[in-house]
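K.L.:
This is input.txt, which holds compact mmCIF, N, CA and C atoms:
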```txt
# COMPACT_ATOMS: atom_id res chain seq x y z
N MET A 14 -47.76 8.92 -49.50
CA MET A 14 -48.99 8.31 -49.96
C MET A 14 -49.74 9.33 -50.82
N SER A 15 -50.18 8.89 -51.98
CA SER A 15 -50.90 9.80 -52.87
C SER A 15 -52.36 9.88 -52.44
N ASP A 16 -52.97 11.01 -52.76
CA ASP A 16 -54.36 11.21 -52.41
C ASP A 16 -55.26 10.39 -53.33
N ILE A 17 -56.33 9.91 -52.81
CA ILE A 17 -57.27 9.08 -53.56
C ILE A 17 -58.44 9.93 -54.02
N TRP A 18 -58.75 9.84 -55.30
CA TRP A 18 -59.93 10.51 -55.84
C TRP A 18 -61.14 9.61 -55.62
N LEU A 19 -62.15 10.13 -54.93
CA LEU A 19 -63.38 9.39 -54.69
C LEU A 19 -64.38 9.59 -55.83
N SER A 20 -64.20 10.68 -56.56
CA SER A 20 -65.05 11.02 -57.70
C SER A 20 -64.23 11.98 -58.57
N PRO A 21 -64.74 12.37 -59.71
CA PRO A 21 -63.96 13.29 -60.56
C PRO A 21 -63.60 14.63 -59.89
N HIS A 22 -64.36 15.05 -58.87
CA HIS A 22 -64.10 16.36 -58.26
C HIS A 22 -63.77 16.34 -56.78
N PHE A 23 -63.79 15.19 -56.15
CA PHE A 23 -63.55 15.15 -54.70
C PHE A 23 -62.51 14.11 -54.31
N LYS A 24 -61.54 14.56 -53.51
CA LYS A 24 -60.48 13.70 -52.99
C LYS A 24 -60.80 13.27 -51.57
N LEU A 25 -60.31 12.11 -51.20
CA LEU A 25 -60.49 11.60 -49.86
C LEU A 25 -59.98 12.58 -48.80
N SER A 26 -58.87 13.22 -49.06
CA SER A 26 -58.28 14.14 -48.08
C SER A 26 -59.20 15.29 -47.70
N GLU A 27 -60.13 15.64 -48.58
CA GLU A 27 -61.07 16.73 -48.29
C GLU A 27 -62.03 16.37 -47.16
N PHE A 28 -62.21 15.08 -46.91
CA PHE A 28 -63.15 14.62 -45.90
C PHE A 28 -62.48 14.33 -44.55
N ALA A 29 -61.15 14.32 -44.49
CA ALA A 29 -60.43 13.91 -43.28
C ALA A 29 -60.68 14.85 -42.11
N CYS A 30 -60.84 14.27 -40.94
CA CYS A 30 -60.98 15.05 -39.72
C CYS A 30 -59.70 15.86 -39.51
N PRO A 31 -59.83 17.16 -39.25
CA PRO A 31 -58.63 17.99 -39.11
C PRO A 31 -57.84 17.75 -37.83
N ASP A 32 -58.35 16.94 -36.92
CA ASP A 32 -57.63 16.65 -35.68
C ASP A 32 -56.45 15.71 -35.87
N GLY A 33 -56.33 15.12 -37.06
CA GLY A 33 -55.23 14.19 -37.29
C GLY A 33 -55.46 12.82 -36.67
N CYS A 34 -56.69 12.53 -36.31
CA CYS A 34 -57.03 11.25 -35.67
C CYS A 34 -57.08 10.10 -36.67
N GLY A 35 -57.14 10.42 -37.95
CA GLY A 35 -57.19 9.38 -38.97
C GLY A 35 -58.59 9.12 -39.52
N PHE A 36 -59.63 9.62 -38.84
CA PHE A 36 -60.98 9.40 -39.34
C PHE A 36 -61.18 10.22 -40.61
N GLY A 37 -61.62 9.54 -41.65
CA GLY A 37 -61.82 10.20 -42.94
C GLY A 37 -60.64 10.05 -43.87
N THR A 38 -59.66 9.24 -43.47
CA THR A 38 -58.49 9.02 -44.33
C THR A 38 -58.54 7.67 -45.05
N ARG A 39 -59.59 6.89 -44.76
CA ARG A 39 -59.78 5.61 -45.45
C ARG A 39 -61.07 5.70 -46.25
N GLU A 40 -61.08 5.09 -47.42
CA GLU A 40 -62.27 5.17 -48.28
C GLU A 40 -63.53 4.73 -47.56
N GLU A 41 -63.43 3.71 -46.73
CA GLU A 41 -64.61 3.20 -46.04
C GLU A 41 -65.16 4.15 -44.98
N ASP A 42 -64.41 5.20 -44.63
CA ASP A 42 -64.87 6.19 -43.67
C ASP A 42 -65.93 7.13 -44.25
N VAL A 43 -65.92 7.28 -45.56
CA VAL A 43 -66.79 8.26 -46.23
C VAL A 43 -67.86 7.52 -47.02
N SER A 44 -69.09 7.89 -46.78
CA SER A 44 -70.22 7.27 -47.48
C SER A 44 -70.13 7.52 -48.99
N GLN A 45 -70.19 6.44 -49.75
CA GLN A 45 -70.20 6.59 -51.21
C GLN A 45 -71.43 7.34 -51.67
N SER A 46 -72.54 7.18 -50.97
CA SER A 46 -73.76 7.92 -51.31
C SER A 46 -73.54 9.42 -51.15
N LEU A 47 -72.79 9.82 -50.12
CA LEU A 47 -72.49 11.23 -49.92
C LEU A 47 -71.63 11.75 -51.06
N VAL A 48 -70.62 10.99 -51.43
CA VAL A 48 -69.73 11.41 -52.54
C VAL A 48 -70.55 11.56 -53.82
N GLU A 49 -71.43 10.61 -54.10
CA GLU A 49 -72.27 10.70 -55.30
C GLU A 49 -73.17 11.92 -55.26
N LEU A 50 -73.74 12.19 -54.08
CA LEU A 50 -74.59 13.38 -53.92
C LEU A 50 -73.80 14.65 -54.20
N LEU A 51 -72.63 14.77 -53.61
CA LEU A 51 -71.79 15.95 -53.82
C LEU A 51 -71.38 16.08 -55.28
N GLU A 52 -71.02 14.97 -55.89
CA GLU A 52 -70.59 15.01 -57.29
C GLU A 52 -71.74 15.46 -58.20
N LEU A 53 -72.92 14.96 -57.97
CA LEU A 53 -74.07 15.35 -58.80
C LEU A 53 -74.36 16.85 -58.68
N THR A 54 -74.32 17.37 -57.45
CA THR A 54 -74.59 18.81 -57.30
C THR A 54 -73.44 19.63 -57.86
N ARG A 55 -72.22 19.13 -57.72
CA ARG A 55 -71.05 19.84 -58.27
C ARG A 55 -71.14 19.92 -59.80
N LEU A 56 -71.54 18.85 -60.45
CA LEU A 56 -71.67 18.84 -61.90
C LEU A 56 -72.72 19.85 -62.36
N GLU A 57 -73.82 19.89 -61.66
CA GLU A 57 -74.90 20.83 -62.02
C GLU A 57 -74.50 22.27 -61.70
N TRP A 58 -73.79 22.46 -60.60
CA TRP A 58 -73.33 23.79 -60.17
C TRP A 58 -72.30 24.35 -61.16
N GLY A 59 -71.46 23.48 -61.67
CA GLY A 59 -70.51 23.88 -62.69
C GLY A 59 -69.27 24.59 -62.21
N ARG A 60 -69.03 24.56 -60.93
CA ARG A 60 -67.82 25.17 -60.35
C ARG A 60 -67.47 24.47 -59.05
N PRO A 61 -66.28 24.69 -58.55
CA PRO A 61 -65.82 23.95 -57.37
C PRO A 61 -66.71 24.15 -56.14
N LEU A 62 -66.80 23.10 -55.36
CA LEU A 62 -67.42 23.13 -54.03
C LEU A 62 -66.33 22.77 -53.03
N ILE A 63 -66.17 23.61 -52.03
CA ILE A 63 -65.11 23.42 -51.04
C ILE A 63 -65.70 22.79 -49.78
N ILE A 64 -65.20 21.62 -49.44
CA ILE A 64 -65.63 20.94 -48.21
C ILE A 64 -64.89 21.57 -47.04
N THR A 65 -65.64 22.18 -46.12
CA THR A 65 -65.03 22.80 -44.94
C THR A 65 -65.07 21.86 -43.75
N SER A 66 -65.95 20.86 -43.79
CA SER A 66 -66.00 19.86 -42.72
C SER A 66 -66.62 18.60 -43.30
N GLY A 67 -65.90 17.50 -43.17
CA GLY A 67 -66.39 16.21 -43.62
C GLY A 67 -66.53 15.30 -42.43
N CYS A 68 -65.62 14.34 -42.30
CA CYS A 68 -65.64 13.43 -41.16
C CYS A 68 -65.13 14.15 -39.92
N ARG A 69 -65.74 13.84 -38.80
CA ARG A 69 -65.28 14.39 -37.51
C ARG A 69 -65.24 13.28 -36.48
N CYS A 70 -64.16 13.24 -35.72
CA CYS A 70 -64.11 12.33 -34.58
C CYS A 70 -64.93 12.96 -33.45
N TYR A 71 -65.20 12.19 -32.41
CA TYR A 71 -66.01 12.71 -31.31
C TYR A 71 -65.37 13.93 -30.65
N ALA A 72 -64.05 13.89 -30.47
CA ALA A 72 -63.37 15.02 -29.81
C ALA A 72 -63.51 16.29 -30.64
N ARG A 73 -63.31 16.19 -31.94
CA ARG A 73 -63.44 17.36 -32.82
C ARG A 73 -64.87 17.87 -32.82
N ASN A 74 -65.82 16.96 -32.92
CA ASN A 74 -67.22 17.34 -32.94
C ASN A 74 -67.60 18.08 -31.66
N LEU A 75 -67.16 17.58 -30.54
CA LEU A 75 -67.43 18.21 -29.24
C LEU A 75 -66.78 19.59 -29.18
N ALA A 76 -65.54 19.69 -29.65
CA ALA A 76 -64.80 20.95 -29.59
C ALA A 76 -65.46 22.07 -30.39
N ILE A 77 -66.14 21.72 -31.48
CA ILE A 77 -66.76 22.76 -32.29
C ILE A 77 -68.26 22.93 -32.00
N GLY A 78 -68.74 22.20 -31.00
CA GLY A 78 -70.14 22.34 -30.61
C GLY A 78 -71.11 21.56 -31.48
N GLY A 79 -70.62 20.52 -32.15
CA GLY A 79 -71.49 19.68 -32.98
C GLY A 79 -72.45 18.87 -32.13
N GLY A 80 -73.55 18.50 -32.72
CA GLY A 80 -74.58 17.72 -32.02
C GLY A 80 -74.09 16.31 -31.71
N THR A 81 -74.68 15.73 -30.68
CA THR A 81 -74.28 14.38 -30.26
C THR A 81 -74.65 13.33 -31.30
N ARG A 82 -75.59 13.65 -32.19
CA ARG A 82 -75.98 12.73 -33.25
C ARG A 82 -75.53 13.24 -34.63
N SER A 83 -74.50 14.06 -34.64
CA SER A 83 -74.01 14.64 -35.89
C SER A 83 -73.74 13.56 -36.93
N ARG A 84 -74.18 13.82 -38.13
CA ARG A 84 -73.96 12.89 -39.24
C ARG A 84 -72.49 12.87 -39.65
N HIS A 85 -71.74 13.90 -39.28
CA HIS A 85 -70.30 13.95 -39.57
C HIS A 85 -69.56 12.83 -38.83
N LEU A 86 -70.09 12.41 -37.70
CA LEU A 86 -69.47 11.34 -36.90
C LEU A 86 -69.50 10.00 -37.62
N ARG A 87 -70.37 9.88 -38.61
CA ARG A 87 -70.52 8.62 -39.35
C ARG A 87 -70.07 8.74 -40.80
N GLY A 88 -69.54 9.88 -41.20
CA GLY A 88 -69.05 10.03 -42.57
C GLY A 88 -70.15 10.14 -43.61
N VAL A 89 -71.33 10.60 -43.20
CA VAL A 89 -72.44 10.72 -44.15
C VAL A 89 -72.84 12.19 -44.36
N ALA A 90 -71.98 13.12 -43.93
CA ALA A 90 -72.30 14.55 -44.04
C ALA A 90 -71.07 15.35 -44.46
N ALA A 91 -71.35 16.46 -45.12
CA ALA A 91 -70.29 17.41 -45.47
C ALA A 91 -70.84 18.82 -45.40
N ASP A 92 -70.01 19.73 -44.91
CA ASP A 92 -70.33 21.15 -44.94
C ASP A 92 -69.53 21.77 -46.08
N LEU A 93 -70.19 22.61 -46.85
CA LEU A 93 -69.56 23.28 -47.99
C LEU A 93 -69.48 24.77 -47.70
N GLY A 94 -68.31 25.34 -47.96
CA GLY A 94 -68.13 26.76 -47.73
C GLY A 94 -68.58 27.58 -48.94
N ILE A 95 -69.66 28.31 -48.77
CA ILE A 95 -70.14 29.22 -49.81
C ILE A 95 -70.45 30.53 -49.08
N SER A 96 -69.45 31.37 -48.94
CA SER A 96 -69.57 32.54 -48.08
C SER A 96 -70.45 33.65 -48.64
N ASP A 97 -70.50 33.80 -49.95
CA ASP A 97 -71.33 34.85 -50.54
C ASP A 97 -72.81 34.48 -50.39
N PRO A 98 -73.60 35.30 -49.70
CA PRO A 98 -75.00 34.96 -49.45
C PRO A 98 -75.81 34.72 -50.73
N GLY A 99 -75.58 35.51 -51.75
CA GLY A 99 -76.30 35.33 -53.01
C GLY A 99 -75.97 34.00 -53.68
N GLU A 100 -74.70 33.65 -53.69
CA GLU A 100 -74.27 32.38 -54.27
C GLU A 100 -74.78 31.20 -53.45
N ARG A 101 -74.76 31.38 -52.13
CA ARG A 101 -75.26 30.31 -51.26
C ARG A 101 -76.74 30.05 -51.54
N MET A 102 -77.52 31.11 -51.72
CA MET A 102 -78.94 30.93 -52.01
C MET A 102 -79.15 30.28 -53.38
N LYS A 103 -78.31 30.62 -54.34
CA LYS A 103 -78.39 29.98 -55.67
C LYS A 103 -78.09 28.48 -55.56
N TYR A 104 -77.07 28.14 -54.78
CA TYR A 104 -76.73 26.72 -54.61
C TYR A 104 -77.87 25.99 -53.89
N LEU A 105 -78.41 26.57 -52.84
CA LEU A 105 -79.52 25.95 -52.12
C LEU A 105 -80.72 25.74 -53.04
N SER A 106 -81.00 26.72 -53.86
CA SER A 106 -82.10 26.60 -54.83
C SER A 106 -81.84 25.46 -55.80
N LEU A 107 -80.60 25.36 -56.26
CA LEU A 107 -80.22 24.28 -57.17
C LEU A 107 -80.42 22.92 -56.50
N VAL A 108 -79.97 22.78 -55.26
CA VAL A 108 -80.10 21.50 -54.55
C VAL A 108 -81.58 21.15 -54.36
N LYS A 109 -82.37 22.11 -53.95
CA LYS A 109 -83.80 21.85 -53.76
C LYS A 109 -84.47 21.46 -55.07
N THR A 110 -84.13 22.14 -56.15
CA THR A 110 -84.70 21.82 -57.46
C THR A 110 -84.30 20.42 -57.89
N MET A 111 -83.03 20.07 -57.71
CA MET A 111 -82.57 18.73 -58.06
C MET A 111 -83.28 17.67 -57.22
N TYR A 112 -83.44 17.94 -55.94
CA TYR A 112 -84.11 16.98 -55.06
C TYR A 112 -85.57 16.79 -55.49
N ASN A 113 -86.27 17.89 -55.70
CA ASN A 113 -87.68 17.83 -56.09
C ASN A 113 -87.88 17.15 -57.45
N ALA A 114 -86.87 17.22 -58.32
CA ALA A 114 -86.94 16.57 -59.63
C ALA A 114 -86.53 15.09 -59.55
N GLY A 115 -86.15 14.64 -58.37
CA GLY A 115 -85.76 13.24 -58.20
C GLY A 115 -84.34 12.93 -58.65
N LEU A 116 -83.53 13.96 -58.84
CA LEU A 116 -82.17 13.76 -59.33
C LEU A 116 -81.17 13.41 -58.23
N ILE A 117 -81.50 13.77 -56.99
CA ILE A 117 -80.62 13.45 -55.86
C ILE A 117 -81.46 12.85 -54.72
N PRO A 118 -82.03 11.68 -54.95
CA PRO A 118 -82.92 11.08 -53.96
C PRO A 118 -82.22 10.68 -52.66
N LYS A 119 -80.91 10.61 -52.66
CA LYS A 119 -80.19 10.20 -51.45
C LYS A 119 -79.99 11.36 -50.46
N LEU A 120 -80.36 12.58 -50.86
CA LEU A 120 -80.27 13.71 -49.95
C LEU A 120 -81.20 13.48 -48.77
N GLY A 121 -80.66 13.55 -47.56
CA GLY A 121 -81.46 13.35 -46.37
C GLY A 121 -81.60 14.61 -45.53
N GLY A 122 -80.55 15.45 -45.55
CA GLY A 122 -80.58 16.67 -44.75
C GLY A 122 -79.91 17.81 -45.49
N LEU A 123 -80.51 18.99 -45.34
CA LEU A 123 -80.00 20.22 -45.97
C LEU A 123 -80.08 21.33 -44.95
N GLY A 124 -78.94 21.81 -44.50
CA GLY A 124 -78.92 22.85 -43.48
C GLY A 124 -78.14 24.07 -43.92
N TRP A 125 -78.64 25.23 -43.53
CA TRP A 125 -77.92 26.47 -43.81
C TRP A 125 -78.34 27.60 -42.88
N LYS A 126 -79.54 27.57 -42.36
CA LYS A 126 -80.07 28.71 -41.60
C LYS A 126 -79.30 28.98 -40.31
N MET A 127 -78.82 27.95 -39.66
CA MET A 127 -78.17 28.13 -38.36
C MET A 127 -76.67 28.40 -38.46
N TYR A 128 -76.13 28.38 -39.66
CA TYR A 128 -74.68 28.51 -39.81
C TYR A 128 -74.30 29.95 -40.14
N LYS A 129 -73.66 30.59 -39.20
CA LYS A 129 -73.25 31.98 -39.38
C LYS A 129 -72.02 32.12 -40.27
N ASN A 130 -71.29 31.00 -40.48
CA ASN A 130 -70.04 31.06 -41.24
C ASN A 130 -70.24 30.86 -42.73
N GLY A 131 -71.48 30.81 -43.18
CA GLY A 131 -71.73 30.71 -44.62
C GLY A 131 -71.60 29.32 -45.18
N CYS A 132 -71.77 28.31 -44.36
CA CYS A 132 -71.66 26.96 -44.91
C CYS A 132 -73.03 26.37 -45.19
N VAL A 133 -73.02 25.37 -46.03
CA VAL A 133 -74.21 24.60 -46.36
C VAL A 133 -73.91 23.16 -45.98
N HIS A 134 -74.82 22.55 -45.26
CA HIS A 134 -74.67 21.16 -44.81
C HIS A 134 -75.52 20.26 -45.70
N LEU A 135 -74.91 19.18 -46.18
CA LEU A 135 -75.63 18.13 -46.92
C LEU A 135 -75.33 16.80 -46.26
N ASP A 136 -76.36 15.96 -46.13
CA ASP A 136 -76.10 14.61 -45.64
C ASP A 136 -77.06 13.63 -46.31
N THR A 137 -76.77 12.36 -46.12
CA THR A 137 -77.56 11.31 -46.75
C THR A 137 -78.36 10.50 -45.74
N ASP A 138 -78.55 11.02 -44.55
CA ASP A 138 -79.26 10.31 -43.49
C ASP A 138 -80.72 10.73 -43.51
N ARG A 139 -81.56 9.88 -44.09
CA ARG A 139 -82.99 10.19 -44.22
C ARG A 139 -83.69 10.11 -42.87
N ALA A 140 -84.71 10.92 -42.69
CA ALA A 140 -85.56 10.85 -41.51
C ALA A 140 -86.31 9.51 -41.54
N ASP A 141 -86.73 9.06 -40.37
CA ASP A 141 -87.44 7.77 -40.28
C ASP A 141 -88.65 7.71 -41.20
N ASP A 142 -89.34 8.82 -41.36
CA ASP A 142 -90.53 8.82 -42.22
C ASP A 142 -90.20 9.17 -43.67
N GLY A 143 -88.90 9.38 -43.96
CA GLY A 143 -88.47 9.61 -45.33
C GLY A 143 -88.44 11.05 -45.80
N HIS A 144 -88.91 12.00 -44.96
CA HIS A 144 -88.92 13.40 -45.41
C HIS A 144 -87.52 14.00 -45.41
N LEU A 145 -87.34 15.02 -46.21
CA LEU A 145 -86.07 15.75 -46.24
C LEU A 145 -86.01 16.63 -45.00
N ARG A 146 -84.96 16.46 -44.22
CA ARG A 146 -84.75 17.30 -43.05
C ARG A 146 -84.11 18.61 -43.50
N VAL A 147 -84.72 19.73 -43.15
CA VAL A 147 -84.22 21.04 -43.55
C VAL A 147 -84.14 21.94 -42.32
N TRP A 148 -83.04 22.63 -42.17
CA TRP A 148 -82.88 23.59 -41.07
C TRP A 148 -81.97 24.72 -41.48
```
Written as structure tokens, how would this file's structure read?

P.N.:
Amino acid sequence: MSDIWLSPHFKLSEFACPDGCGFGTREEDVSQSLVELLELTRLEWGRPLIITSGCRCYARNLAIGGGTRSRHLRGVAADLGISDPGERMKYLSLVKTMYNAGLIPKLGGLGWKMYKNGCVHLDTDRADDGHLRVW
């Protein structure tokens, strides 16, 4: 089976749960809004973004210590590996600037402070009151 391109820069296989459970291997498993968000930031960033975690089944999420309400469980979140601290801060600045300019209104959550492995979390799950969740 050939890999499916969800956008010019992201393949479906990049979102698949690594447990081999099958979650994230069907187009309907991954939020199109998430793919659009990632594509827009990738175009502005001008270089590859590596998805280190996309869809997760409950067993995988539990095994890695993910939250019980993790957005990865619903295919609306992705973690990006940007290990260089300076580059990570540049990417975060870019995302915040794009969000504040109204270019990525579907951004719901932006996380980086709690991740020791150098990843950046993006999701499209807005808070009930509409604010951008940041951690």

K.L.:
By how many Å are atom C of Arg60 (chain A) and atom C of His22 (chain A) apart?

P.N.:
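Separating atom C of Arg60 (chain A) from atom C of His22 (chain A) is a distance of 9.2 Å.
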
K.L.:
What are the centre and edge lengths in Å, to one decimal, of the axis-aligned box around all listed atoms of region 56-62 of chain A with 4 Å added on each side, as JSON?

P.N.:
```
{"center_x": -70.4, "center_y": 22.0, "center_z": -57.9, "size_x": 17.1, "size_y": 14.3, "size_z": 17.7}
```

K.L.:
Using DSSP on the backbone coordinates, identify the residues of region 39-147 of chain A assigned to strand (DSSP E or B); present them as a PyMOL selection string.

P.N.:
chain A and resi 64-66+90-94+122-124+132-136+146-147

K.L.:
Would you mind listing what lies within 10 Å of Ser66 (chain A) as a count of residues only, with only C-alpha atoms counted and same-chain residues fewer than 5 positions away left out?

P.N.:
13

K.L.:
At most 7 Å from (-79.2, 11.7, -48.2), file frame, only C-alpha atoms: which residues, as number ranges by chain?

P.N.:
A: 47, 118-122, 136-139

K.L.:
As a VMD selection string, please: every residue in chain A that a backbone DSSP assignment puts in alpha helix (DSSP H).

P.N.:
chain A and resid 45 to 58 71 to 76 98 to 113

K.L.:
Quick one: distance from atom C of Leu50 (chain A) to atom C of Arg82 (chain A) in Å, one decimal?

P.N.:
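Separating atom C of Leu50 (chain A) from atom C of Arg82 (chain A) is a distance of 19.7 Å.
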
K.L.:
Fewer than 5 positions away in the same chain doesn't count, so skip those; otherwise give me all residues within 9 Å of Lys126 (chain A), counting only C-alpha atoms, as a short mmCIF file (atom, residue, chain, number, x, y, z; two decimals) with N, CA and C atoms, in the coordinates of the input.

P.N.:
```cif
data_model
loop_
_atom_site.label_atom_id
_atom_site.label_comp_id
_atom_site.auth_asym_id
_atom_site.auth_seq_id
_atom_site.Cartn_x
_atom_site.Cartn_y
_atom_site.Cartn_z
N VAL A 133 -73.02 25.37 -46.03
CA VAL A 133 -74.21 24.60 -46.36
C VAL A 133 -73.91 23.16 -45.98
N VAL A 147 -84.72 19.73 -43.15
CA VAL A 147 -84.22 21.04 -43.55
C VAL A 147 -84.14 21.94 -42.32
N TRP A 148 -83.04 22.63 -42.17
CA TRP A 148 -82.88 23.59 -41.07
C TRP A 148 -81.97 24.72 -41.48
#
```

K.L.:
For CA of Leu19 (chain A) and CA of Ser44 (chain A), quote the distance in Å rounded to one decimal.

P.N.:
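CA of Ser44 (chain A) lies at a distance of 10.2 Å from CA of Leu19 (chain A).
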
K.L.:
Pro98 (chain A): which residues within 8 Å, counting only N, CA and C atoms, same-chain residues fewer than 5 positions away excluded, as a VMD selection string?

P.N.:
chain A and resid 103 to 104 131
